[in-house]
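Structure first, commentary second.
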Amino acid sequence: MFLYCGIACRRKFFWCYRLLSTYVTKTRYLFELKEDDDACRKAQQTGAFYLFHGLAPLLQTSAHQYLAPRHSLLELERLLGKFGQDAQKIEDSVLIGCSEQQEAWFALDLGLDSSFSISASLHKPEMETELKGSFIELRKALFQLNARDASMLSTAQALLRWHDAHQFCSRSGQPTKKNVAGSKRVCPSNNIIYYPQMAPVVITLVSDGTRCLLARQSSFPKGMYSALAGFCDIGESVEETIRREVAEEVGLEVESLQYCASQHWPFPSGSLMIACHATVKPGQTEIQVNLRELETAAWFSHDEVATALKRKGPYTQQQNGTFPFWLPPKLAISHQLIKEWVEKQTCSSLPA
């Protein structure tokens with residue numbers, strides 16, 4: 001028995017070590033590509049490229065969902081040559097990840113034209129015909145992508161947008177230069193280094209114990225409600241931001257907080273969504289909606305929310321002029337936050 005347990009433990013440790021080793025190897029490889037321009041150029045030779053045009057990813061339709069095609073360096077060079085473009089355009093690409101087999105993944109926007117680049121942007125219709133796909137706005141396509149493509153394209157778009165917006169040094173006004181991987185930009189005149197950044201955003205599901213509070217903005221699809229969300233102000237902690245946002249938007253005071261999860265979100269320009277649960281005292285639940293921030297907000301029961309989680313929106317207007325109540329799709333962290341609350345409520349209601 002002792003020998004069996006010993007063998008089992010060693011096997012478990014071996015597999016855990018292999019998993020950790022794969023992750024560490026992959027992470028160290030990406031670090032090398034970010035720090036070594038020559039290594040990154042070499043990785044491009046065997047890497048794969050996701051293509052964009054004006055920050056819209058190239059997508060192809062397959063069985064009611066979108067797929068993101070990838071192209072080799074050779075295919076990309078042939079494409080650029082066919083449209084009379086220099087292969088130097090590839091210098092504008094950014095590193096967005098790699099496989100466990102160390103195949104590096106890059107993203108290149110064929111429509112963005114840096115102010116000092118010798119390469120002009122390529123025309124969208126001709127490119128779509130040649131590539132047998134469409135450049136579709138990511139916000140419209142995100143929830144029809146598989147999880148891997150959604151994550152990749154979100155990272156790519158945020159990074160491409162950041163580079164497009166930081167072509168000049170804020171101190172000297174001179175053009176900045178990106179490294180090959182696109183993990184930083186440097187001002188040659190003063191050596192200031194700029195790194196891509198994300199804006200921290202809290203997204204909070206407020207509960208009074210038996211109900212949860214959901215709200216909607218006028219920009220939301222009709223009928224969709226979600227958790228409260230807002231950017232962190234300078235000098236604030238996550239806890240302080242949650243308390244302020246809940247007070248500002250619905251006039252309630254938070255009693256306790258619990259962290260749930262986090263998610264990168266590419267809109268509006270790259271955010272880190274920090275999801276938390278918050279509770280208010282049962283006797284202090286009167287909502288005072290800040291109409292500068294929200295269109296409406298309301299308390300919803302467990303059954304109402306559980307039913308809404310099963311729906312798939314958006315919906316068309318009903319005969320009585322209203323829209324069915326529905327929630328953000330599974331890919332959004334707000335969906336995970338709401339689903340977790342429903343599951344906790346379900347478990348707590350079960351007999352011991």
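Every chain in the structure tokens has a letter given in the order shown (A, B, ...), and although residue numbers restart at 1 in each chain, ligands are simply numbered from 1 in the order shown.
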
For the interface of segment 108-185 of chain A with segment 18-36 of chain A (cut-off 9 Å, counting only C-alpha atoms), please tabulate each contacting residue of segment 108-185 of chain A alongside its nearest pair of atoms and their separation in Å to one decimal, rows sorted by chain and increasing number, as a Markdown table.
| residue | atom | partner | partner_atom | distance |
| --- | --- | --- | --- | --- |
| A:Asn179 | CA | A:Lys34 | CA | 7.9 |
| A:Val180 | CA | A:Lys34 | CA | 7.6 |
| A:Ala181 | CA | A:Lys34 | CA | 5.2 |
| A:Gly182 | CA | A:Lys34 | CA | 7.5 |
| A:Ser183 | CA | A:Lys34 | CA | 6.0 |
| A:Lys184 | CA | A:Lys34 | CA | 8.5 |

task = Quick one: pick out all strand (DSSP E or B) residues within segment 90-320 of chain A from a backbone DSSP run and write them as a PyMOL selection string.
result = chain A and resi 94-98+104-109+134-135+168+175+177-178+185-186+193-194+199-207+211-216+224+226+228-231+256-265+271-279+296-301

ask   = Can you list, as a VMD selection string, every protein, DNA or RNA residue that comes within 8 Å of segment 340-343 of chain A when you count only C-alpha atoms, leaving out same-chain residues fewer than 5 positions away?
value = chain A and resid 302 305 to 306

request  = Identify, on the basis of only C-alpha atoms, every residue whose closest approach to segment 241-256 of chain A does not exceed 6 Å; exclude the query and any residue fewer than 3 positions from it along the same chain; express the result as a PyMOL selection string.
outcome  = chain A and resi 232+238+278-280+287-290

inquiry  = Could you check the closest approach to Glu304 of chain A for each of A:Ser99, A:Ser219, A:Gln60, A:Thr210 and tell me which residue wins, using only C-alpha atoms?
reply    =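 Ranking A:Ser99, A:Ser219, A:Gln60, A:Thr210 by distance to Glu304 of chain A, first place goes to A:Thr210.
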
request  = Excluding Phe300 of chain A and any residue of its chain fewer than 5 positions from it, enumerate the residues within 7 Å of it, using only C-alpha atoms, and give them as a PyMOL selection string.
outcome  = chain A and resi 211-213+305

remark   = Separating atom CA of Cys98 of chain A from atom CA of Met198 of chain A, to the nearest tenth of an Å, is a gap of 21.0 Å
